[in-house]
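Shown here: query31.txt, compact mmCIF, C-alpha atoms.
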```txt
# COMPACT_ATOMS: atom_id res chain seq x y z
CA GLU W 194 0.00 0.00 0.00
CA PRO W 195 1.40 3.42 -0.95
CA GLU W 196 2.62 5.51 1.96
CA VAL W 197 3.82 9.00 2.66
CA THR W 198 7.48 8.91 3.63
CA GLN W 199 9.48 11.49 5.56
CA THR W 200 13.17 12.08 6.19
CA PRO W 201 14.90 12.41 8.51
CA SER W 202 13.03 10.65 11.27
CA HIS W 203 14.89 12.74 13.86
CA GLN W 204 16.70 16.05 13.55
CA VAL W 205 18.61 17.90 16.23
CA THR W 206 19.68 21.45 15.48
CA GLN W 207 20.98 24.54 17.20
CA MET W 208 18.75 27.56 17.64
CA GLY W 209 19.09 29.91 14.69
CA GLN W 210 20.06 27.19 12.23
CA GLU W 211 18.10 26.34 9.11
CA VAL W 212 16.46 22.96 8.75
CA ILE W 213 14.81 21.27 5.81
CA LEU W 214 12.32 18.49 6.39
CA ARG W 215 11.58 16.24 3.45
CA CYS W 216 8.50 14.33 2.42
CA VAL W 217 7.55 12.10 -0.47
CA PRO W 218 3.75 12.18 -0.83
CA ILE W 219 1.75 9.29 -2.27
CA SER W 220 2.41 9.31 -5.99
CA ASN W 221 -1.05 10.10 -7.41
CA HIS W 222 -1.89 12.67 -4.74
CA LEU W 223 -2.13 16.31 -5.69
CA TYR W 224 -2.57 18.09 -2.35
CA PHE W 225 0.17 18.23 0.23
CA TYR W 226 0.15 19.42 3.81
CA TRP W 227 2.41 20.03 6.78
CA TYR W 228 1.19 19.70 10.33
CA ARG W 229 3.07 19.85 13.60
CA GLN W 230 2.50 18.44 17.05
CA ILE W 231 4.30 19.88 20.03
CA LEU W 232 4.85 17.21 22.69
CA GLY W 233 1.65 16.64 24.63
CA GLN W 234 -0.38 18.99 22.46
CA LYS W 235 -2.76 18.63 19.56
CA VAL W 236 -1.90 18.27 15.91
CA GLU W 237 -1.87 21.72 14.29
CA PHE W 238 -2.17 22.64 10.62
CA LEU W 239 0.70 24.62 9.13
CA VAL W 240 0.19 24.82 5.37
CA SER W 241 -1.44 23.23 2.36
CA PHE W 242 0.06 23.18 -1.12
CA TYR W 243 -1.44 22.52 -4.53
CA ASN W 244 -0.27 23.11 -8.06
CA ASN W 245 3.06 24.51 -6.86
CA GLU W 246 1.42 27.13 -4.71
CA ILE W 247 0.46 27.55 -1.09
CA SER W 248 -3.32 27.28 -0.99
CA GLU W 249 -3.79 27.90 2.72
CA LYS W 250 -1.58 28.60 5.70
CA SER W 251 -2.07 29.06 9.42
CA GLU W 252 -0.88 31.89 11.63
CA ILE W 253 1.92 29.60 12.78
CA PHE W 254 3.34 29.54 9.25
CA ASP W 255 5.16 32.87 9.37
CA ASP W 256 8.05 34.19 7.29
CA GLN W 257 10.44 31.72 8.91
CA PHE W 258 8.69 28.86 7.16
CA SER W 259 8.60 27.99 3.49
CA VAL W 260 7.52 25.02 1.42
CA GLU W 261 8.68 23.80 -1.94
CA ARG W 262 8.16 20.97 -4.38
CA PRO W 263 11.65 20.92 -5.89
CA ASP W 264 10.96 17.97 -8.19
CA GLY W 265 8.16 15.61 -9.11
CA SER W 266 8.28 13.62 -5.91
CA ASN W 267 9.64 15.61 -2.96
CA PHE W 268 7.83 18.16 -0.84
CA THR W 269 9.90 20.12 1.65
CA LEU W 270 9.38 22.32 4.68
CA LYS W 271 12.15 24.78 5.46
CA ILE W 272 12.52 26.60 8.74
CA ARG W 273 15.01 29.41 8.17
CA SER W 274 16.08 30.28 11.70
CA THR W 275 14.89 27.76 14.20
CA LYS W 276 13.61 28.72 17.62
CA LEU W 277 13.33 26.60 20.74
CA GLU W 278 9.57 26.60 20.32
CA ASP W 279 9.88 24.97 16.90
CA SER W 280 10.72 21.71 18.66
CA ALA W 281 7.90 19.38 17.67
CA MET W 282 6.92 16.43 15.55
CA TYR W 283 6.33 17.53 11.98
CA PHE W 284 3.95 15.49 9.87
CA CYS W 285 3.58 15.62 6.14
CA ALA W 286 0.26 14.52 4.67
CA SER W 287 -1.19 14.16 1.21
CA SER W 288 -4.58 13.67 -0.39
CA VAL W 289 -5.83 12.89 -3.86
CA SER W 290 -7.77 16.13 -4.04
CA GLY W 291 -8.79 19.04 -1.87
CA TYR W 292 -12.46 18.08 -1.73
CA ALA W 293 -13.97 18.15 1.74
CA ARG W 294 -14.47 14.38 1.84
CA GLU W 295 -10.93 13.55 0.88
CA THR W 296 -8.84 11.66 3.39
CA GLN W 297 -5.46 13.05 4.28
CA TYR W 298 -2.81 10.37 4.78
CA PHE W 299 -0.02 11.12 7.19
CA GLY W 300 3.65 10.26 7.01
CA PRO W 301 5.56 8.89 10.01
CA GLY W 302 6.83 12.32 11.02
CA THR W 303 10.13 14.05 11.71
CA ARG W 304 10.93 14.76 15.32
CA LEU W 305 12.72 18.12 15.44
CA LEU W 306 14.62 19.16 18.53
CA VAL W 307 16.00 22.69 18.69
CA LEU W 308 18.68 23.25 21.34
CA GLN E 242 -14.50 28.16 22.54
CA LYS E 243 -12.33 25.32 21.32
CA GLU E 244 -13.01 24.34 17.72
CA VAL E 245 -12.90 20.60 18.37
CA GLU E 246 -13.30 19.29 21.89
CA GLN E 247 -12.59 15.87 23.26
CA ASN E 248 -12.34 14.49 26.76
CA SER E 249 -8.61 13.94 27.22
CA GLY E 250 -9.15 10.85 29.38
CA PRO E 251 -7.57 8.56 30.19
CA LEU E 252 -10.47 6.28 29.43
CA SER E 253 -10.01 2.75 30.74
CA VAL E 254 -12.11 -0.06 29.31
CA PRO E 255 -11.91 -3.79 30.03
CA GLU E 256 -10.88 -6.05 27.17
CA GLY E 257 -13.92 -7.20 25.22
CA ALA E 258 -16.10 -4.26 26.27
CA ILE E 259 -17.30 -1.32 24.19
CA ALA E 260 -15.23 1.85 24.23
CA SER E 261 -17.12 5.08 23.54
CA LEU E 262 -15.26 8.19 22.45
CA ASN E 263 -16.92 11.56 22.00
CA CYS E 264 -16.15 14.78 20.17
CA THR E 265 -17.94 18.09 19.74
CA TYR E 266 -17.16 20.80 17.22
CA SER E 267 -18.03 24.46 17.08
CA ASP E 268 -18.11 25.29 13.35
CA ARG E 269 -21.56 24.52 11.95
CA VAL E 270 -20.32 24.51 8.34
CA SER E 271 -18.01 21.56 9.03
CA GLN E 272 -18.61 18.89 6.44
CA SER E 273 -16.29 15.98 7.06
CA PHE E 274 -15.33 14.22 10.23
CA PHE E 275 -12.49 11.83 10.83
CA TRP E 276 -11.26 9.61 13.60
CA TYR E 277 -7.53 8.99 13.67
CA ARG E 278 -5.67 6.67 16.01
CA GLN E 279 -2.26 7.74 17.26
CA TYR E 280 0.12 5.48 19.10
CA SER E 281 2.69 7.20 21.28
CA GLY E 282 5.41 8.80 19.16
CA LYS E 283 3.72 7.80 15.91
CA SER E 284 1.69 9.58 13.27
CA PRO E 285 -2.12 9.73 13.05
CA GLU E 286 -3.65 6.75 11.29
CA LEU E 287 -7.15 7.02 9.81
CA ILE E 288 -9.75 4.78 11.47
CA MET E 289 -13.04 6.12 10.17
CA SER E 290 -14.51 8.99 8.21
CA ILE E 291 -18.14 10.12 8.28
CA TYR E 292 -19.96 12.81 6.35
CA SER E 293 -23.70 12.27 6.86
CA ASN E 294 -25.87 12.14 9.94
CA GLY E 295 -26.29 8.69 11.39
CA ASP E 296 -24.08 5.69 11.91
CA LYS E 297 -21.30 4.24 9.82
CA GLU E 298 -19.88 0.85 10.65
CA ASP E 299 -16.54 -0.67 9.68
CA GLY E 300 -15.67 -3.91 11.42
CA ARG E 301 -15.45 -3.30 15.16
CA PHE E 302 -15.69 0.47 14.70
CA THR E 303 -18.85 2.58 14.42
CA ALA E 304 -18.80 6.31 13.87
CA GLN E 305 -21.87 8.36 14.71
CA LEU E 306 -22.60 11.89 13.53
CA ASN E 307 -25.25 14.33 14.69
CA LYS E 308 -24.80 17.65 12.90
CA ALA E 309 -27.67 19.32 14.73
CA SER E 310 -25.90 18.67 18.03
CA GLN E 311 -22.46 19.18 16.48
CA TYR E 312 -21.42 15.86 17.91
CA VAL E 313 -19.46 12.93 16.56
CA SER E 314 -18.57 9.73 18.35
CA LEU E 315 -16.62 6.53 17.84
CA LEU E 316 -17.59 3.19 19.30
CA ILE E 317 -15.10 0.34 19.47
CA ARG E 318 -16.69 -3.04 20.05
CA ASP E 319 -14.85 -6.03 21.51
CA SER E 320 -11.99 -3.79 22.62
CA GLN E 321 -8.52 -5.30 22.32
CA PRO E 322 -5.29 -4.31 24.10
CA SER E 323 -3.97 -3.21 20.70
CA ASP E 324 -6.71 -0.55 20.65
CA SER E 325 -4.90 1.25 23.46
CA ALA E 326 -3.89 4.56 21.88
CA THR E 327 -4.90 8.19 21.66
CA TYR E 328 -7.92 8.77 19.42
CA LEU E 329 -8.01 12.05 17.57
CA CYS E 330 -11.18 13.63 16.27
CA ALA E 331 -10.57 15.83 13.22
CA VAL E 332 -12.91 18.08 11.32
CA LEU E 333 -12.73 19.48 7.80
CA ARG E 334 -14.66 22.60 6.98
CA GLY E 335 -16.23 22.83 3.58
CA GLY E 336 -14.01 24.63 1.07
CA ASN E 337 -11.17 24.61 3.54
CA GLU E 338 -8.31 22.18 3.35
CA LYS E 339 -7.03 22.18 6.87
CA LEU E 340 -7.91 19.44 9.29
CA THR E 341 -8.71 20.80 12.73
CA PHE E 342 -7.88 18.30 15.43
CA GLY E 343 -9.06 17.86 18.96
CA THR E 344 -6.56 17.19 21.70
CA GLY E 345 -7.36 13.48 21.62
CA THR E 346 -8.70 10.94 24.10
CA ARG E 347 -6.23 8.48 25.56
CA LEU E 348 -7.80 5.02 25.64
CA THR E 349 -6.41 2.14 27.67
CA ILE E 350 -7.81 -1.38 27.25
CA ILE E 351 -7.30 -3.40 30.40
CA PRO E 352 -6.62 -7.13 29.77
```
Final structure tokens representation of the file:
Amino acid sequence: EPEVTQTPSHQVTQMGQEVILRCVPISNHLYFYWYRQILGQKVEFLVSFYNNEISEKSEIFDDQFSVERPDGSNFTLKIRSTKLEDSAMYFCASSVSGYARETQYFGPGTRLLVL
Amino acid sequence: QKEVEQNSGPLSVPEGAIASLNCTYSDRVSQSFFWYRQYSGKSPELIMSIYSNGDKEDGRFTAQLNKASQYVSLLIRDSQPSDSATYLCAVLRGGNEKLTFGTGTRLTIIP
């Protein structure tokens, strides 16, 4: 069964450093998403992406964040200058379409620790 | 008012019994409702989706939706120890792509 994959599984970085989290969505999916989950808290939406453009973003997704689909398979989340509060589990998800009934399938996540 | 509310638990249920998980949501234009299961340190895994009022059954799982009451629930019959996890209720608003999650209910099945 096709799956969303994410690399790395764990990332430790120093505050102020840039990190890039990578995702390979399911191959026939057209909509891509990033969510994050701070330890002990709920899953929060960051951004959705379709047709090489951001289609929606949350207030969390400020100028420090960016997303890109650099080729036909990868989808990346970049955090330019990490803060302590960026420490969280970051999940990539994808769906076939953006219709309201469409299921979003989640990858295994990248655990980011900012020191 | 929280957009999606769940009792955080923990909810303890004996093995073989029925586990009942509840969720309320505040946005009346919400169209799609999902139950995800999340094991500790893992990603959300879809259990059930429901879009219309009433019940939807899939194996041991039944999702129930009442849009008038803005309420969605998940029943797990014949609970197994492997069902022990956090269950996340998520809501998708029409014309909006973001899933809004509740904080989750931690379920423990006692052998």
Expected answer as a PyMOL selection string: chain W residues within 8 Å of chain E, all atoms listed in the file: chain W and resi 234-238+240-241+249+284+291-294+296+298-302
Nearby residues (only C-alpha atoms) at most 6 Å from Val197 in chain W, same-chain spacing under 6 positions excluded, as a PyMOL selection string: chain W and resi 217-219+300
Write a file of the selected residues as a CSV table (one decimal), in the frame of the given file, keeping C-alpha atoms.
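Contents of result25.csv, freshly written:
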```csv
chain,number,residue,atom,x,y,z
W,217,VAL,CA,7.6,12.1,-0.5
W,218,PRO,CA,3.8,12.2,-0.8
W,219,ILE,CA,1.8,9.3,-2.3
W,300,GLY,CA,3.6,10.3,7.0
```
Separation of CA of Gly233 in chain W from CA of Thr349 in chain E in Å: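 For CA of Thr349 in chain E relative to CA of Gly233 in chain W, the distance reads 16.9 Å.
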Nearest residue to Ser325 in chain E from the set E:Lys308, E:Cys264, E:Pro251, E:Lys297 (distances using only C-alpha atoms):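 So, comparing all the options, the nearest one is E:Pro251.
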Straight-line distance linking CA of Ala304 in chain E with CA of Asp324 in chain E, stated in Å to one decimal: 15.5 Å
Distance criterion (all atoms listed in the file): nearest to Tyr224 in chain W out of W:Ser288, W:Ser251, W:Thr303, W:Asn267: W:Ser288
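The coordinates place CA of Lys276 in chain W at 21.5 Å from CA of Cys216 in chain W.
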Long-range neighbours of Gly300 in chain E as an MDAnalysis selection string, 12 Å cut-off, only C-alpha atoms, 5 positions minimum in chain: chainID E and resid 288:289 316:320
Long-range neighbours of Asn245 in chain W as a list in words, 8 Å cut-off, all atoms listed in the file, 3 positions minimum in chain: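 Within the cut-off, the hits are Phe242, Glu261 and Arg262 of chain W.
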Polymer residues at most 8 Å from range 304-308 of chain W, only C-alpha atoms, same-chain spacing of 2 or more positions, as a PyMOL selection string: chain W and resi 202-208+275-283+302
Pick from E:Arg278, E:Ser249, E:Ser261, E:Arg347 nearest to Gln305 in chain E, counting only C-alpha atoms: E:Ser261
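Around the point (-26.6, 17.0, 10.7), within 10 Å and counting only C-alpha atoms, we find these residues: Arg269, Ser271, Gln272, Tyr292, Ser293, Asn294, Gly295, Leu306, Asn307, Lys308, Ala309, Ser310, Gln311 and Tyr312 of chain E.
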I need the residues from that last selection saved to file as a PDB file, in the frame of the given file (with C-alpha atoms), if you can.
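The new file selection23.pdb reads:
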```
ATOM      1  CA  ARG E 269     -21.560  24.520  11.950  1.00  0.00           C
ATOM      2  CA  SER E 271     -18.010  21.560   9.030  1.00  0.00           C
ATOM      3  CA  GLN E 272     -18.610  18.890   6.440  1.00  0.00           C
ATOM      4  CA  TYR E 292     -19.960  12.810   6.350  1.00  0.00           C
ATOM      5  CA  SER E 293     -23.700  12.270   6.860  1.00  0.00           C
ATOM      6  CA  ASN E 294     -25.870  12.140   9.940  1.00  0.00           C
ATOM      7  CA  GLY E 295     -26.290   8.690  11.390  1.00  0.00           C
ATOM      8  CA  LEU E 306     -22.600  11.890  13.530  1.00  0.00           C
ATOM      9  CA  ASN E 307     -25.250  14.330  14.690  1.00  0.00           C
ATOM     10  CA  LYS E 308     -24.800  17.650  12.900  1.00  0.00           C
ATOM     11  CA  ALA E 309     -27.670  19.320  14.730  1.00  0.00           C
ATOM     12  CA  SER E 310     -25.900  18.670  18.030  1.00  0.00           C
ATOM     13  CA  GLN E 311     -22.460  19.180  16.480  1.00  0.00           C
ATOM     14  CA  TYR E 312     -21.420  15.860  17.910  1.00  0.00           C
TER      15      TYR E 312
END
```
Missing atoms in range 288-303 of chain W should be modelled up to N, CA and C atoms and reported as an mmCIF file, in the coordinates of the input.
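The result, written out as part15.cif:
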```
data_model
loop_
_atom_site.group_PDB
_atom_site.id
_atom_site.type_symbol
_atom_site.label_atom_id
_atom_site.label_comp_id
_atom_site.auth_asym_id
_atom_site.auth_seq_id
_atom_site.Cartn_x
_atom_site.Cartn_y
_atom_site.Cartn_z
ATOM 1 N N SER W 288 -3.263 14.163 -0.011
ATOM 2 C CA SER W 288 -4.580 13.670 -0.390
ATOM 3 C C SER W 288 -4.711 13.741 -1.900
ATOM 4 N N VAL W 289 -5.627 12.928 -2.416
ATOM 5 C CA VAL W 289 -5.830 12.890 -3.860
ATOM 6 C C VAL W 289 -6.282 14.251 -4.367
ATOM 7 N N SER W 290 -7.239 14.824 -3.631
ATOM 8 C CA SER W 290 -7.770 16.130 -4.040
ATOM 9 C C SER W 290 -7.990 16.964 -2.798
ATOM 10 N N GLY W 291 -8.498 18.160 -2.993
ATOM 11 C CA GLY W 291 -8.790 19.040 -1.870
ATOM 12 C C GLY W 291 -10.255 19.040 -1.483
ATOM 13 N N TYR W 292 -11.042 18.111 -2.057
ATOM 14 C CA TYR W 292 -12.460 18.080 -1.730
ATOM 15 C C TYR W 292 -12.650 17.763 -0.251
ATOM 16 N N ALA W 293 -13.752 18.248 0.299
ATOM 17 C CA ALA W 293 -13.970 18.150 1.740
ATOM 18 C C ALA W 293 -14.018 16.710 2.227
ATOM 19 N N ARG W 294 -14.362 15.756 1.372
ATOM 20 C CA ARG W 294 -14.470 14.380 1.840
ATOM 21 C C ARG W 294 -13.188 13.596 1.654
ATOM 22 N N GLU W 295 -12.155 14.261 1.209
ATOM 23 C CA GLU W 295 -10.930 13.550 0.880
ATOM 24 C C GLU W 295 -10.098 13.279 2.112
ATOM 25 N N THR W 296 -9.656 12.045 2.247
ATOM 26 C CA THR W 296 -8.840 11.660 3.390
ATOM 27 C C THR W 296 -7.411 12.159 3.212
ATOM 28 N N GLN W 297 -6.863 12.679 4.266
ATOM 29 C CA GLN W 297 -5.460 13.050 4.280
ATOM 30 C C GLN W 297 -4.668 11.931 4.957
ATOM 31 N N TYR W 298 -3.636 11.451 4.268
ATOM 32 C CA TYR W 298 -2.810 10.370 4.780
ATOM 33 C C TYR W 298 -1.499 10.945 5.300
ATOM 34 N N PHE W 299 -1.157 10.538 6.502
ATOM 35 C CA PHE W 299 -0.020 11.120 7.190
ATOM 36 C C PHE W 299 1.233 10.263 7.045
ATOM 37 N N GLY W 300 2.372 10.931 6.935
ATOM 38 C CA GLY W 300 3.650 10.260 7.010
ATOM 39 C C GLY W 300 4.031 9.986 8.451
ATOM 40 N N PRO W 301 5.165 9.295 8.651
ATOM 41 C CA PRO W 301 5.560 8.890 10.010
ATOM 42 C C PRO W 301 6.086 10.034 10.863
ATOM 43 N N GLY W 302 6.404 11.161 10.246
ATOM 44 C CA GLY W 302 6.830 12.320 11.020
ATOM 45 C C GLY W 302 8.331 12.471 11.131
ATOM 46 N N THR W 303 8.742 13.712 11.366
ATOM 47 C CA THR W 303 10.130 14.050 11.710
ATOM 48 C C THR W 303 10.093 14.721 13.070
#
```
